[in-house]
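J.: Would you mind keeping the following structure in view while I ask a few things?
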Amino acid sequence: MASVKLYTIIFVALAAITTVQFTLEIVLIEEAYWLTFGIVMGLSTIKTLAVAGWYMHMLEEPRAITYIAMAGVLGVIALTAGAAYSMT
Amino acid sequence: MADLPPRSSVKRWLVTTNHKDIGILYLITSIFFLVVAGVLALLIRLQMLESGGTILGGAEYNQVVTAHGLLMVFWFLSPFAFAFANYLVPLQIGAKDLAFPRLNAMSYWLYLFSGLALIASFFQGGTHEGGWTLYAPLNVPAFVPRVAEMGETTAVIGLVLFVTSVTLGSVNFLTTIYRMRAEGLRMRDIPLFSMSILLTVWMMLFAFAALLAATILLSSDHLLATQYFTDEHGGSMLWAHLFWFFGHPEVYIVFFPALGAMAEIIQTFSGRRLVGRKWFIIAMALVAVQSFIVWMHHMFLTSINLPIKTIFMVTTVGISLPFDLMVFALIYTMIKGRIRWKTPFLFALGALLIFILGGITGVFLGAVALDYQFRGSYWVVAHFHYVMASGAVALIGGLYYWYPKITGKMYNEFLGKVHFVFAFIGFNMLYFPMFLVWETPRRVFEFPEGFTLWHQVATAGAFLFAASFLIMFYNLFRSLYSDRTVDSSPWAYTGSAEWAIESPPPEGNFPGRPSFASGKLDFVSDPATDGGVEDGHAATDGGVAHASTGHDVHMDHASWWPLLVSLSGLLVAVGIGGIPASYVLWPFAFALPFFVAFLGIEGARQDGRARIHDLYVVLSVPFLLALLGGFHFHHGLVDGFAGANNTFYLTLVGAVLGAYTFAGIGYEKFNVPEPELTEAWPFENVTNTKLGMWTFLGSDIILFGALIGSMIFIRFQFGWTDWWPAAGYTDKAVWPGLVNTYVLLASSFTIVLAYVYAKRGSRRKTLAFLSLTFAGAAVFLVNKAYEWNELYINQGWTHTSDIMGSTYYLTTGLHAAHVIVGMLILLFLIARAYTGAYWSDDEDAHTVEYFGLYWHFVDIVWLFLFPLFYIL
Ligand code: HEM
Ligand SMILES: [Cu+2]
């Protein structure tokens, strides 16, 4: 289990990333929607990895735990991408 | 927690959590649903005696067809398989029970009651009419006959209950099979039936989560008048995608256990280990994965584009290849072995033959061009009855095979063979003609004159098939009282562990601790050492062997809660369909203060009265008053309650009972010791509860992913960037989302700290951080209420205004519901922490950790809702 200090640093980082996402909504989205889209979703993914990796201490668990979560994520991607693409 | 009453007492069956008892309950219940659905099938066949029908009107016929399909697929076939899974998997892997016995009982009761809800829907104006696939838009209120709206909704909610049961069951079996194998039993060596169940529950875990998403959206369309499946931008396609993403894995979910049973039976009666066992297992695993990428072969006649049809044609061909391998492995095993023609073997062989025909005709359907012809015809009906009924026939073989193990008595072999002959002839008489007159349109009782004879043959076959089961019922029932007792194994060449113990197996399953450490099965008498002493006659009470927690540990647990929790679900299910949309959420809101009060009362009873318990009871009163105030604002206090209908009160009773039972089950002392010395690869260093939590989260990823994916799917077709400008609000601010993101992240942080300090043994800090987490959640909700008030009331943008409103309020609303559930659990944790449960480094402290996993997950979901519903 990581230290309180590390948990605190992670929290601050998560809050900071959130602020960046919010700022992008103000300064960038009008000019470059898809760029903003990419960055914002990417940042959300990074936040997710941080929460899962440290707060849920996935990093310390057997790797197979990660595979379970990955299977779920892959399923969602297959469903959403397949369905959306099928209608083009 | 009390000891179990004897099997002769009715109470035993209501309170049992023992896997063998629950297996028997599943067996009897699934056969009950088989009979109900079978009678419906005979009605269908009578109707088809001549074109234009004989006994039923159009609406009745539609209901009969739909309920027949739903009952057979969901309430008979899978649960029938899980009767054996419950009974046998722990025996085969050398465990005393499943990992979570109480959850297992809950799965059973939810299963039973969900089926009763479906049957009840017939009597609420009529059940669904659109077939078991519930295609949109025939599944939404606008296209449902007015009188049948309540029954429709009940059927859908029944399905939601059923999915809940399945999800709990999957979590349970996964944890059990991974973590409770006897010493020395490697994963790859578990018997084939258990292996097939393992792969089945993997598919279940993910596939049923998609069905849950679909049925939640559908319930919402019914109860709250959202517009998912009526939306012109692909609402009906959305249903098709969600349903078939679930539906294709589902066909393997129903078939795999049968395949496992077939493999075991063929091994035993050929006296030979399965040829290519390893490849057989690999092929099964491949199919399990591939089953998630073939779903659009059910949609070849919809508006999906040609490239994707081609891709899914290829994946469909791909998935039939591993099946060929499995079929050949089974055939080869028989050729290599010396066959003994007993009843179970006959059924397994019959099932294999039937399956081959069903599989081949399926490949026809998988070809796009051919499916243009076959779609919606009796070819499809014949195909899937060949494959599905093959599964049923194989499991009937399993019933004969394991009947002596379960009852300790041998069935009558002659009658068994007679059953087989009639069943096999009846079955083929029933379904083969359907290939000949395949141009008959599906789900319709009108067909060209010339087909009449073949349809009459089919009807005759149906009655023969049905009658053959009467022979089985007679045989199995009479044999119970015969003197043909059996000892451990009536069959030669059995390999798996269930045959090494008495029939029926004693309460504690094994005479000592099962171990495969020496390469074969031994029963070790001393639980602490592994000297490998063989001891066939040790005491079998399975008592206090591994009392790791220091409590007095019994193996046989009795609990009323699983039944009561599920009963509350039934009351809600049959009531909620009749409530007008503006009343729907109130029963659940009113249940909340009751939950708080019950927590106080149960807590005082179990942990000794403490100030926190008094506080909960006292606080529940103003909480209730506040809700009554809200209700007054909404409906008027007197008028509102006077105007509410009976179904409202029925649902209210169900919801309050639910509140009571959840408090009760939380506080019940129910220790399931984790046995030591088990094989737990690849999850050695996690506890059962943690693995259970993670598998549950795995399915929740699909659930929320599918909900978010539904929004993405519709928005994609709407025109991604046209979405928000078309929504009916005047101004939707970003900052409420931003603030709530900070708040939820902070609450994730505090719950981590609560766990840290629980482990360090600091009561004050544990309590403080748990309370802070609760406070964070409360701030989140208050902020959300403020935001919704602004949009919903002030700007008049509601969940029925447009599709953006539907997706916005429902997705974030379901997330908020997760937050509320988390808060309820937090109240429980806070009370327990207050009375001293979590501040030490023992197992209890981990409760905070497991809750944290859930809470972080809720946080993560929000991390995606924030950008998708606020920023982009
Ligand atoms: C050998 C591999 C299989 C292939 C290639 C295959 C292919 C197909 C295809 C393409 C359809 C869609 C037909 C249409 O609606 O036009 C279909 C329908 C169906 N299949 Fe299969 N199938 C296979 C095995 C199975 C198995 C093992 C089961 C169940 C145990 C099964 C159960 C069903 C069911 C229930 C339907 C009808 C769904 C509905 O109500 O529309 N299939 N199959
Ligand atoms: Cu399919």
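By convention in this document, the chains of the structure tokens carry letters A, B, ... by their order, each chain's residues are numbered from 1, and ligands are numbered from 1 in the order they are shown.
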Please, which residues have at least one atom within 7 Å of an atom of ligand 1, using only C-alpha atoms and all ligand atoms, listed as a VMD selection string?

T.: chain B and resid 132 to 133 251 to 252 254 to 255 297 to 298 316 to 317 319 to 320 323 358 to 360 362 to 363 365 to 366 371 374 to 376 380 to 381 383 to 384 387 to 388 391

J.: Using C-alpha atoms, can you write the selected residues to a file as a short mmCIF file (atom, residue, chain, number, x, y, z; two decimals), in the first residue's frame?

T.:
```cif
data_model
loop_
_atom_site.label_atom_id
_atom_site.label_comp_id
_atom_site.auth_asym_id
_atom_site.auth_seq_id
_atom_site.Cartn_x
_atom_site.Cartn_y
_atom_site.Cartn_z
CA TRP B 132 -38.26 -13.14 -27.07
CA THR B 133 -35.90 -10.70 -28.80
CA VAL B 251 -26.64 -19.02 -27.26
CA TYR B 252 -23.29 -20.39 -26.14
CA VAL B 254 -27.03 -22.06 -22.84
CA PHE B 255 -25.04 -24.57 -24.86
CA HIS B 297 -25.12 -11.94 -38.06
CA HIS B 298 -28.54 -11.52 -36.47
CA THR B 316 -19.26 -16.23 -37.97
CA VAL B 317 -17.46 -18.71 -40.15
CA ILE B 319 -16.56 -19.27 -34.74
CA SER B 320 -17.84 -22.44 -36.32
CA PHE B 323 -16.88 -26.11 -32.91
CA GLY B 358 -28.28 -27.49 -36.09
CA GLY B 359 -24.74 -26.26 -36.51
CA ILE B 360 -24.61 -26.93 -40.23
CA GLY B 362 -26.51 -22.24 -38.75
CA VAL B 363 -23.59 -21.83 -41.12
CA LEU B 365 -27.66 -18.55 -41.94
CA GLY B 366 -24.29 -16.97 -41.40
CA ASP B 371 -29.77 -15.19 -44.87
CA PHE B 374 -33.86 -17.47 -44.63
CA ARG B 375 -34.31 -14.56 -42.26
CA GLY B 376 -37.67 -14.57 -40.54
CA VAL B 380 -34.31 -20.08 -38.43
CA VAL B 381 -36.86 -21.68 -36.13
CA HIS B 383 -31.98 -24.14 -36.79
CA PHE B 384 -32.12 -22.78 -33.32
CA VAL B 387 -29.06 -26.35 -31.40
CA MET B 388 -30.90 -25.23 -28.30
CA GLY B 391 -28.39 -28.56 -25.28
#
```

J.: Give me the residues within 10 Å of Lys520 in chain B as a ChimeraX atom specification, counting only C-alpha atoms and dropping any in the same chain fewer than 3 places off.

T.: /B:184-185,497,514-517

J.: Output N, CA, C and O atoms for every residue in the selection just made, as a compact mmCIF listing (two decimals), in the first residue's frame.

T.:
```txt
# COMPACT_ATOMS: atom_id res chain seq x y z
N GLY B 184 -3.44 -28.98 -5.20
CA GLY B 184 -2.88 -29.80 -6.27
C GLY B 184 -3.74 -29.87 -7.53
O GLY B 184 -3.34 -30.47 -8.52
N LEU B 185 -4.94 -29.27 -7.49
CA LEU B 185 -5.80 -29.33 -8.68
C LEU B 185 -5.54 -28.10 -9.55
O LEU B 185 -6.01 -27.00 -9.26
N ALA B 497 -14.15 -35.99 -9.10
CA ALA B 497 -14.18 -36.19 -7.66
C ALA B 497 -15.56 -36.50 -7.10
O ALA B 497 -15.68 -37.14 -6.06
N PRO B 514 -9.99 -32.72 0.70
CA PRO B 514 -9.58 -33.31 -0.57
C PRO B 514 -8.25 -32.72 -1.04
O PRO B 514 -8.00 -31.53 -0.85
N SER B 515 -7.42 -33.57 -1.60
CA SER B 515 -6.13 -33.09 -2.08
C SER B 515 -5.69 -33.90 -3.29
O SER B 515 -5.87 -35.12 -3.33
N PHE B 516 -5.18 -33.19 -4.27
CA PHE B 516 -4.64 -33.86 -5.45
C PHE B 516 -3.12 -33.78 -5.46
O PHE B 516 -2.50 -34.00 -6.49
N ALA B 517 -2.57 -33.46 -4.30
CA ALA B 517 -1.13 -33.20 -4.25
C ALA B 517 -0.32 -34.41 -4.72
O ALA B 517 0.74 -34.27 -5.31
```

J.: Which residues in range 416-505 of chain B does DSSP call alpha helix (DSSP H)? List them as a VMD selection string.

T.: chain B and resid 416 to 436 452 to 480

J.: Can you list every residue of chain A that has an atom at most 9 Å from chain B, with its nearest atom pair and the distance in Å to one decimal, using only C-alpha atoms, ordered by chain then number, as a tab-separated table?

T.:
```
residue	atom	partner	partner_atom	distance
A:Met1	CA	B:Val756	CA	8.2
A:Ser3	CA	B:Val756	CA	8.5
A:Val4	CA	B:Leu753	CA	7.2
A:Tyr7	CA	B:Phe749	CA	7.0
A:Thr8	CA	B:Phe749	CA	7.5
A:Ile10	CA	B:Phe749	CA	8.7
A:Phe11	CA	B:Phe749	CA	6.4
A:Leu14	CA	B:Leu745	CA	7.3
A:Ala15	CA	B:Tyr742	CA	6.1
A:Thr18	CA	B:Thr741	CA	7.5
A:Thr19	CA	B:Leu738	CA	8.0
A:Gln21	CA	B:Pro867	CA	8.0
A:Phe22	CA	B:Leu738	CA	7.1
A:Leu24	CA	B:Ile871	CA	8.7
A:Glu25	CA	B:Ile871	CA	5.9
A:Ile29	CA	B:Leu872	CA	8.1
A:Tyr33	CA	B:Leu872	CA	8.1
A:Thr36	CA	B:Leu872	CA	8.2
A:Phe37	CA	B:Leu872	CA	6.5
A:Val40	CA	B:Pro867	CA	6.9
A:Met41	CA	B:Pro867	CA	7.1
A:Ser44	CA	B:Leu863	CA	5.9
A:Thr45	CA	B:Phe864	CA	8.2
A:Lys47	CA	B:Leu863	CA	7.5
A:Thr48	CA	B:Ile860	CA	5.8
A:Val51	CA	B:His856	CA	6.9
A:Ala52	CA	B:His856	CA	7.6
A:Tyr55	CA	B:Val752	CA	6.4
A:Met56	CA	B:Leu853	CA	5.7
A:Glu61	CA	B:Val686	CA	7.2
A:Pro62	CA	B:Phe683	CA	6.3
A:Arg63	CA	B:Pro682	CA	8.3
A:Ala64	CA	B:Pro682	CA	6.5
A:Ile65	CA	B:Trp694	CA	7.0
A:Ile68	CA	B:Gly698	CA	6.0
A:Ala69	CA	B:Gly698	CA	5.1
A:Met70	CA	B:Gly698	CA	8.2
A:Ala71	CA	B:Gly698	CA	7.5
A:Gly72	CA	B:Gly698	CA	5.3
A:Val73	CA	B:Ile701	CA	6.6
A:Gly75	CA	B:Ile702	CA	6.8
A:Val76	CA	B:Gly705	CA	5.4
A:Ile77	CA	B:Gly705	CA	8.3
A:Ala78	CA	B:Ile293	CA	7.5
A:Leu79	CA	B:Phe245	CA	7.0
A:Thr80	CA	B:Gly709	CA	5.3
A:Ala81	CA	B:Phe713	CA	8.5
A:Gly82	CA	B:Ile308	CA	8.2
A:Ala83	CA	B:His241	CA	6.4
A:Ala84	CA	B:Phe713	CA	5.3
A:Tyr85	CA	B:Ile308	CA	7.8
A:Ser86	CA	B:Ile304	CA	4.9
A:Met87	CA	B:Ile304	CA	5.3
A:Thr88	CA	B:Asn305	CA	6.8
```

J.: Identify, on the basis of only C-alpha atoms, every residue whose closest approach to Thr175 in chain B does not exceed 9 Å; exclude the query and any residue fewer than 3 positions from it along the same chain; express the result as a ChimeraX atom specification.

T.: /B:98-100,170-172,178-180,688-689,691-692,695

J.: In Å to one decimal, how far is CA of Leu395 in chain B from CA of Ala261 in chain B?

T.: 6.6 Å
